[in-house]
Amino acid sequence: MRGALVDRCDRCGALLVRMRPDQHAAVEAVYEDLAWQVDHPRVPGLRLEPWQWHQLMLFAFAKEKGWDPVLVPSLDGDGLVMLVRTRQSRLTKRQGSELIEFVKSSAIEFGAVVREWDENGNLIVGSPPLRKAA
């Protein structure tokens with residue numbers, strides 16, 4: 001049996017328990033809800049895939065947390081690349097909970113219906129995502 005994934009705080013060295021798989025699943029479901037229901041909030045008509053919502057939300061969450069994410073030109077000079085110190089897979093359980101709430105509230109603000117599940121994984125609110133007509 002494997003133990004829990006742990007990391008240490010950069011500042012104090014305390015053990016930090018990473019996000020649980022159910023937390024990852026919860027936030028990934030919201031990225032799907034966004035992808036299937038809403039356009040980019042600043043670019044009407046621009047539809048994004050779940051992985052693109054993941055990148056946008058992680059950047060916004062990092063800004064909210066004061067982690068100073070930046071956009072820099074790509075190495076070939078064609079586009080911008082997000083640089084953020086923390087990846088979703090390295091967040092703690094507490095940060096994971098904060099990310100889930102941040103993403104859910106943003107999704108609702110953008111007009112998405114966010115699905116919810118019970119502790120057994122049964123869908124209790126919403127329905128499977130259906131892409132809106134463009």
# chains A, B, ... in the order shown; residues from 1 in each chain; ligands from 1
>>> closest_atom_pairs(of="range 63-120 of chain A", to="range 14-28 of chain A", cutoff="8 Å", atoms="only C-alpha atoms", output="Markdown table")
| residue | atom | partner | partner_atom | distance |
| --- | --- | --- | --- | --- |
| A:Ser89 | CA | A:Met19 | CA | 7.1 |
| A:Arg90 | CA | A:Arg18 | CA | 6.2 |
| A:Leu91 | CA | A:Arg18 | CA | 5.6 |
| A:Thr92 | CA | A:Arg18 | CA | 4.0 |
| A:Lys93 | CA | A:Met19 | CA | 4.2 |
| A:Arg94 | CA | A:Met19 | CA | 7.6 |
| A:Gln95 | CA | A:Met19 | CA | 7.6 |
| A:Gly96 | CA | A:Met19 | CA | 5.4 |
| A:Ser97 | CA | A:Gln23 | CA | 7.1 |
| A:Leu99 | CA | A:Val27 | CA | 7.6 |
| A:Ile100 | CA | A:Val27 | CA | 5.4 |
| A:Val103 | CA | A:Val27 | CA | 7.1 |
| A:Lys104 | CA | A:Val27 | CA | 7.9 |
>>> select_by_dssp(residues="range 12-133 of chain A", states="strand (DSSP E or B)", output="PDB file with N, CA, C and O atoms, in the first residue's frame")
ATOM      1  N   LEU A  15       5.402  19.304   6.885  1.00  0.00           N
ATOM      2  CA  LEU A  15       4.850  18.372   5.910  1.00  0.00           C
ATOM      3  C   LEU A  15       3.512  18.880   5.396  1.00  0.00           C
ATOM      4  O   LEU A  15       2.672  19.330   6.175  1.00  0.00           O
ATOM      5  N   LEU A  16       3.313  18.791   4.097  1.00  0.00           N
ATOM      6  CA  LEU A  16       2.080  19.229   3.461  1.00  0.00           C
ATOM      7  C   LEU A  16       1.498  18.054   2.683  1.00  0.00           C
ATOM      8  O   LEU A  16       2.189  17.433   1.890  1.00  0.00           O
ATOM      9  N   VAL A  17       0.243  17.752   2.894  1.00  0.00           N
ATOM     10  CA  VAL A  17      -0.416  16.665   2.179  1.00  0.00           C
ATOM     11  C   VAL A  17      -1.026  17.239   0.904  1.00  0.00           C
ATOM     12  O   VAL A  17      -1.748  18.233   0.947  1.00  0.00           O
ATOM     13  N   ARG A  18      -0.735  16.611  -0.226  1.00  0.00           N
ATOM     14  CA  ARG A  18      -1.218  17.099  -1.512  1.00  0.00           C
ATOM     15  C   ARG A  18      -2.711  16.871  -1.686  1.00  0.00           C
ATOM     16  O   ARG A  18      -3.327  16.094  -0.971  1.00  0.00           O
ATOM     17  N   HIS A  40     -15.219  32.106 -23.580  1.00  0.00           N
ATOM     18  CA  HIS A  40     -14.240  32.855 -22.787  1.00  0.00           C
ATOM     19  C   HIS A  40     -14.917  34.159 -22.357  1.00  0.00           C
ATOM     20  O   HIS A  40     -15.555  34.830 -23.179  1.00  0.00           O
ATOM     21  N   VAL A  43     -13.752  37.120 -24.508  1.00  0.00           N
ATOM     22  CA  VAL A  43     -13.721  36.963 -25.962  1.00  0.00           C
ATOM     23  C   VAL A  43     -14.971  36.194 -26.406  1.00  0.00           C
ATOM     24  O   VAL A  43     -14.935  34.967 -26.517  1.00  0.00           O
ATOM     25  N   VAL A  70       3.397  34.931 -14.271  1.00  0.00           N
ATOM     26  CA  VAL A  70       3.733  35.885 -15.326  1.00  0.00           C
ATOM     27  C   VAL A  70       3.523  35.241 -16.688  1.00  0.00           C
ATOM     28  O   VAL A  70       3.542  34.016 -16.826  1.00  0.00           O
ATOM     29  N   LEU A  71       3.319  36.091 -17.666  1.00  0.00           N
ATOM     30  CA  LEU A  71       3.282  35.658 -19.060  1.00  0.00           C
ATOM     31  C   LEU A  71       4.552  36.168 -19.720  1.00  0.00           C
ATOM     32  O   LEU A  71       4.883  37.339 -19.597  1.00  0.00           O
ATOM     33  N   VAL A  72       5.256  35.281 -20.407  1.00  0.00           N
ATOM     34  CA  VAL A  72       6.496  35.652 -21.094  1.00  0.00           C
ATOM     35  C   VAL A  72       6.420  35.180 -22.541  1.00  0.00           C
ATOM     36  O   VAL A  72       5.704  34.215 -22.845  1.00  0.00           O
ATOM     37  N   PRO A  73       7.170  35.823 -23.432  1.00  0.00           N
ATOM     38  CA  PRO A  73       7.194  35.346 -24.819  1.00  0.00           C
ATOM     39  C   PRO A  73       7.756  33.924 -24.886  1.00  0.00           C
ATOM     40  O   PRO A  73       8.673  33.569 -24.141  1.00  0.00           O
ATOM     41  N   LEU A  80       2.643  33.605 -26.118  1.00  0.00           N
ATOM     42  CA  LEU A  80       3.030  33.796 -24.726  1.00  0.00           C
ATOM     43  C   LEU A  80       2.906  32.482 -23.973  1.00  0.00           C
ATOM     44  O   LEU A  80       2.094  31.631 -24.315  1.00  0.00           O
ATOM     45  N   VAL A  81       3.701  32.351 -22.926  1.00  0.00           N
ATOM     46  CA  VAL A  81       3.691  31.164 -22.081  1.00  0.00           C
ATOM     47  C   VAL A  81       3.456  31.615 -20.646  1.00  0.00           C
ATOM     48  O   VAL A  81       4.048  32.594 -20.183  1.00  0.00           O
ATOM     49  N   MET A  82       2.584  30.867 -19.936  1.00  0.00           N
ATOM     50  CA  MET A  82       2.332  31.176 -18.535  1.00  0.00           C
ATOM     51  C   MET A  82       3.408  30.522 -17.672  1.00  0.00           C
ATOM     52  O   MET A  82       3.690  29.338 -17.830  1.00  0.00           O
ATOM     53  N   LEU A  83       3.984  31.290 -16.796  1.00  0.00           N
ATOM     54  CA  LEU A  83       4.915  30.756 -15.810  1.00  0.00           C
ATOM     55  C   LEU A  83       4.305  30.961 -14.436  1.00  0.00           C
ATOM     56  O   LEU A  83       4.060  32.079 -14.013  1.00  0.00           O
ATOM     57  N   THR A  92      -1.714  21.651  -1.963  1.00  0.00           N
ATOM     58  CA  THR A  92      -2.076  20.905  -0.753  1.00  0.00           C
ATOM     59  C   THR A  92      -3.584  20.667  -0.738  1.00  0.00           C
ATOM     60  O   THR A  92      -4.328  21.245  -1.538  1.00  0.00           O
ATOM     61  N   GLU A 116     -22.710  18.783  -9.337  1.00  0.00           N
ATOM     62  CA  GLU A 116     -22.307  18.368  -7.989  1.00  0.00           C
ATOM     63  C   GLU A 116     -22.550  16.880  -7.844  1.00  0.00           C
ATOM     64  O   GLU A 116     -23.498  16.341  -8.409  1.00  0.00           O
ATOM     65  N   TRP A 117     -21.722  16.213  -7.034  1.00  0.00           N
ATOM     66  CA  TRP A 117     -21.860  14.788  -6.766  1.00  0.00           C
ATOM     67  C   TRP A 117     -21.939  14.540  -5.280  1.00  0.00           C
ATOM     68  O   TRP A 117     -21.430  15.323  -4.484  1.00  0.00           O
ATOM     69  N   LEU A 123     -24.198  11.792  -9.463  1.00  0.00           N
ATOM     70  CA  LEU A 123     -24.550  13.150  -9.849  1.00  0.00           C
ATOM     71  C   LEU A 123     -25.832  13.565  -9.127  1.00  0.00           C
ATOM     72  O   LEU A 123     -26.842  12.876  -9.205  1.00  0.00           O
ATOM     73  N   ILE A 124     -25.777  14.681  -8.386  1.00  0.00           N
ATOM     74  CA  ILE A 124     -26.947  15.134  -7.632  1.00  0.00           C
ATOM     75  C   ILE A 124     -27.457  16.488  -8.096  1.00  0.00           C
ATOM     76  O   ILE A 124     -28.607  16.823  -7.863  1.00  0.00           O
ATOM     77  N   VAL A 125     -26.618  17.299  -8.730  1.00  0.00           N
ATOM     78  CA  VAL A 125     -27.027  18.605  -9.228  1.00  0.00           C
ATOM     79  C   VAL A 125     -26.501  18.752 -10.645  1.00  0.00           C
ATOM     80  O   VAL A 125     -25.353  18.453 -10.915  1.00  0.00           O
TER      81      VAL A 125
END
>>> residues_around(residues="Ala107 in chain A", least_positions_apart="6", cutoff="12 Å", atoms="only C-alpha atoms", output="ChimeraX atom specification")
/A:27,29-41,53-54,56-57,99-101,113-115
>>> write_last_selection(atoms="N, CA, C and O atoms", output="short mmCIF file (atom, residue, chain, number, x, y, z; two decimals), in the first residue's frame")
data_model
loop_
_atom_site.label_atom_id
_atom_site.label_comp_id
_atom_site.auth_asym_id
_atom_site.auth_seq_id
_atom_site.Cartn_x
_atom_site.Cartn_y
_atom_site.Cartn_z
N VAL A 27 -12.48 19.49 -9.51
CA VAL A 27 -12.11 20.68 -10.26
C VAL A 27 -12.07 20.39 -11.76
O VAL A 27 -12.46 21.24 -12.58
N ALA A 29 -14.06 18.42 -13.32
CA ALA A 29 -15.46 18.43 -13.75
C ALA A 29 -15.93 19.86 -14.02
O ALA A 29 -16.68 20.09 -14.97
N VAL A 30 -15.49 20.80 -13.22
CA VAL A 30 -15.89 22.19 -13.44
C VAL A 30 -15.26 22.71 -14.73
O VAL A 30 -15.90 23.44 -15.50
N TYR A 31 -14.01 22.32 -15.02
CA TYR A 31 -13.40 22.72 -16.30
C TYR A 31 -14.22 22.17 -17.47
O TYR A 31 -14.41 22.85 -18.47
N GLU A 32 -14.74 20.94 -17.33
CA GLU A 32 -15.60 20.37 -18.37
C GLU A 32 -16.89 21.18 -18.49
O GLU A 32 -17.35 21.47 -19.60
N ASP A 33 -17.49 21.53 -17.35
CA ASP A 33 -18.72 22.33 -17.36
C ASP A 33 -18.49 23.64 -18.10
O ASP A 33 -19.31 24.05 -18.93
N LEU A 34 -17.39 24.30 -17.82
CA LEU A 34 -17.06 25.55 -18.50
C LEU A 34 -16.89 25.34 -20.00
O LEU A 34 -17.43 26.08 -20.81
N ALA A 35 -16.14 24.30 -20.37
CA ALA A 35 -15.86 24.04 -21.78
C ALA A 35 -17.13 23.79 -22.57
O ALA A 35 -17.25 24.20 -23.73
N TRP A 36 -18.09 23.12 -21.96
CA TRP A 36 -19.31 22.75 -22.66
C TRP A 36 -20.38 23.84 -22.63
O TRP A 36 -21.32 23.78 -23.41
N GLN A 37 -20.25 24.81 -21.73
CA GLN A 37 -21.37 25.74 -21.56
C GLN A 37 -21.09 27.20 -21.90
O GLN A 37 -22.02 27.92 -22.25
N VAL A 38 -19.87 27.67 -21.74
CA VAL A 38 -19.65 29.11 -21.88
C VAL A 38 -18.47 29.45 -22.78
O VAL A 38 -17.55 28.65 -22.96
N ASP A 39 -18.53 30.66 -23.32
CA ASP A 39 -17.41 31.21 -24.07
C ASP A 39 -16.42 31.81 -23.09
O ASP A 39 -16.74 32.06 -21.92
N HIS A 40 -15.22 32.11 -23.58
CA HIS A 40 -14.24 32.85 -22.79
C HIS A 40 -14.92 34.16 -22.36
O HIS A 40 -15.55 34.83 -23.18
N PRO A 41 -14.82 34.54 -21.09
CA PRO A 41 -15.57 35.72 -20.62
C PRO A 41 -15.16 37.04 -21.27
O PRO A 41 -15.94 37.98 -21.27
N TRP A 53 -9.24 25.80 -19.99
CA TRP A 53 -9.86 26.40 -18.79
C TRP A 53 -8.97 26.15 -17.58
O TRP A 53 -8.82 27.02 -16.72
N HIS A 54 -8.40 24.95 -17.51
CA HIS A 54 -7.49 24.61 -16.41
C HIS A 54 -6.35 25.64 -16.34
O HIS A 54 -6.05 26.18 -15.27
N LEU A 56 -6.22 28.72 -17.64
CA LEU A 56 -6.74 30.05 -17.29
C LEU A 56 -7.06 30.16 -15.80
O LEU A 56 -6.74 31.16 -15.15
N MET A 57 -7.74 29.15 -15.28
CA MET A 57 -8.15 29.19 -13.88
C MET A 57 -6.95 29.09 -12.93
O MET A 57 -6.93 29.76 -11.90
N LEU A 99 -9.00 26.08 -4.40
CA LEU A 99 -9.07 26.11 -5.86
C LEU A 99 -10.46 25.68 -6.33
O LEU A 99 -11.04 26.32 -7.22
N ILE A 100 -10.99 24.62 -5.76
CA ILE A 100 -12.32 24.15 -6.16
C ILE A 100 -13.35 25.25 -5.97
O ILE A 100 -14.16 25.54 -6.86
N GLU A 101 -13.35 25.91 -4.82
CA GLU A 101 -14.32 26.98 -4.56
C GLU A 101 -14.11 28.16 -5.49
O GLU A 101 -15.07 28.76 -5.98
N VAL A 113 -23.60 26.14 -15.38
CA VAL A 113 -24.27 25.35 -14.36
C VAL A 113 -23.24 24.32 -13.91
O VAL A 113 -22.78 23.51 -14.70
N VAL A 114 -22.88 24.37 -12.64
CA VAL A 114 -21.83 23.49 -12.10
C VAL A 114 -22.46 22.23 -11.53
O VAL A 114 -23.33 22.30 -10.67
N ARG A 115 -21.99 21.09 -12.01
CA ARG A 115 -22.49 19.81 -11.51
C ARG A 115 -21.93 19.53 -10.12
O ARG A 115 -20.85 19.97 -9.77
#
>>> closest_residue(among="A:Val84, A:Leu75, A:Asp118, A:Glu109", to="Lys63 in chain A", atoms="only C-alpha atoms")
A:Val84
>>> residues_around(residues="Gln55 in chain A", least_positions_apart="3", cutoff="10 Å", atoms="only C-alpha atoms", output="list in words")
Tyr31, Pro50, Trp51, Gln52, Leu58, Phe59, Ala60, Phe61, Met82, Arg87 and Gln88 of chain A
>>> write_last_selection(atoms="N, CA, C and O atoms", output="PDB file, in the first residue's frame")
ATOM      1  N   TYR A  31     -14.009  22.323 -15.020  1.00  0.00           N
ATOM      2  CA  TYR A  31     -13.396  22.716 -16.296  1.00  0.00           C
ATOM      3  C   TYR A  31     -14.221  22.169 -17.467  1.00  0.00           C
ATOM      4  O   TYR A  31     -14.406  22.850 -18.471  1.00  0.00           O
ATOM      5  N   PRO A  50     -11.397  21.856 -21.890  1.00  0.00           N
ATOM      6  CA  PRO A  50     -11.171  21.789 -20.438  1.00  0.00           C
ATOM      7  C   PRO A  50      -9.734  22.084 -20.022  1.00  0.00           C
ATOM      8  O   PRO A  50      -9.511  22.796 -19.035  1.00  0.00           O
ATOM      9  N   TRP A  51      -8.743  21.591 -20.769  1.00  0.00           N
ATOM     10  CA  TRP A  51      -7.347  21.839 -20.383  1.00  0.00           C
ATOM     11  C   TRP A  51      -7.002  23.321 -20.500  1.00  0.00           C
ATOM     12  O   TRP A  51      -6.179  23.837 -19.738  1.00  0.00           O
ATOM     13  N   GLN A  52      -7.654  24.035 -21.430  1.00  0.00           N
ATOM     14  CA  GLN A  52      -7.408  25.464 -21.561  1.00  0.00           C
ATOM     15  C   GLN A  52      -8.042  26.232 -20.400  1.00  0.00           C
ATOM     16  O   GLN A  52      -7.449  27.183 -19.880  1.00  0.00           O
ATOM     17  N   LEU A  58      -5.982  28.267 -13.271  1.00  0.00           N
ATOM     18  CA  LEU A  58      -4.802  28.161 -12.417  1.00  0.00           C
ATOM     19  C   LEU A  58      -4.036  29.481 -12.389  1.00  0.00           C
ATOM     20  O   LEU A  58      -3.562  29.910 -11.341  1.00  0.00           O
ATOM     21  N   PHE A  59      -3.953  30.165 -13.540  1.00  0.00           N
ATOM     22  CA  PHE A  59      -3.308  31.470 -13.588  1.00  0.00           C
ATOM     23  C   PHE A  59      -4.060  32.473 -12.717  1.00  0.00           C
ATOM     24  O   PHE A  59      -3.462  33.189 -11.913  1.00  0.00           O
ATOM     25  N   ALA A  60      -5.409  32.503 -12.854  1.00  0.00           N
ATOM     26  CA  ALA A  60      -6.214  33.432 -12.053  1.00  0.00           C
ATOM     27  C   ALA A  60      -6.116  33.112 -10.568  1.00  0.00           C
ATOM     28  O   ALA A  60      -6.018  34.019  -9.727  1.00  0.00           O
ATOM     29  N   PHE A  61      -6.121  31.818 -10.228  1.00  0.00           N
ATOM     30  CA  PHE A  61      -6.003  31.403  -8.829  1.00  0.00           C
ATOM     31  C   PHE A  61      -4.645  31.807  -8.263  1.00  0.00           C
ATOM     32  O   PHE A  61      -4.553  32.309  -7.149  1.00  0.00           O
ATOM     33  N   MET A  82       2.584  30.867 -19.936  1.00  0.00           N
ATOM     34  CA  MET A  82       2.332  31.176 -18.535  1.00  0.00           C
ATOM     35  C   MET A  82       3.408  30.522 -17.672  1.00  0.00           C
ATOM     36  O   MET A  82       3.690  29.338 -17.830  1.00  0.00           O
ATOM     37  N   ARG A  87       1.960  24.054  -9.654  1.00  0.00           N
ATOM     38  CA  ARG A  87       1.062  23.318 -10.537  1.00  0.00           C
ATOM     39  C   ARG A  87      -0.080  22.769  -9.696  1.00  0.00           C
ATOM     40  O   ARG A  87       0.064  22.570  -8.486  1.00  0.00           O
ATOM     41  N   GLN A  88      -1.196  22.477 -10.356  1.00  0.00           N
ATOM     42  CA  GLN A  88      -2.338  21.941  -9.624  1.00  0.00           C
ATOM     43  C   GLN A  88      -1.969  20.661  -8.885  1.00  0.00           C
ATOM     44  O   GLN A  88      -2.386  20.450  -7.751  1.00  0.00           O
TER      45      GLN A  88
END
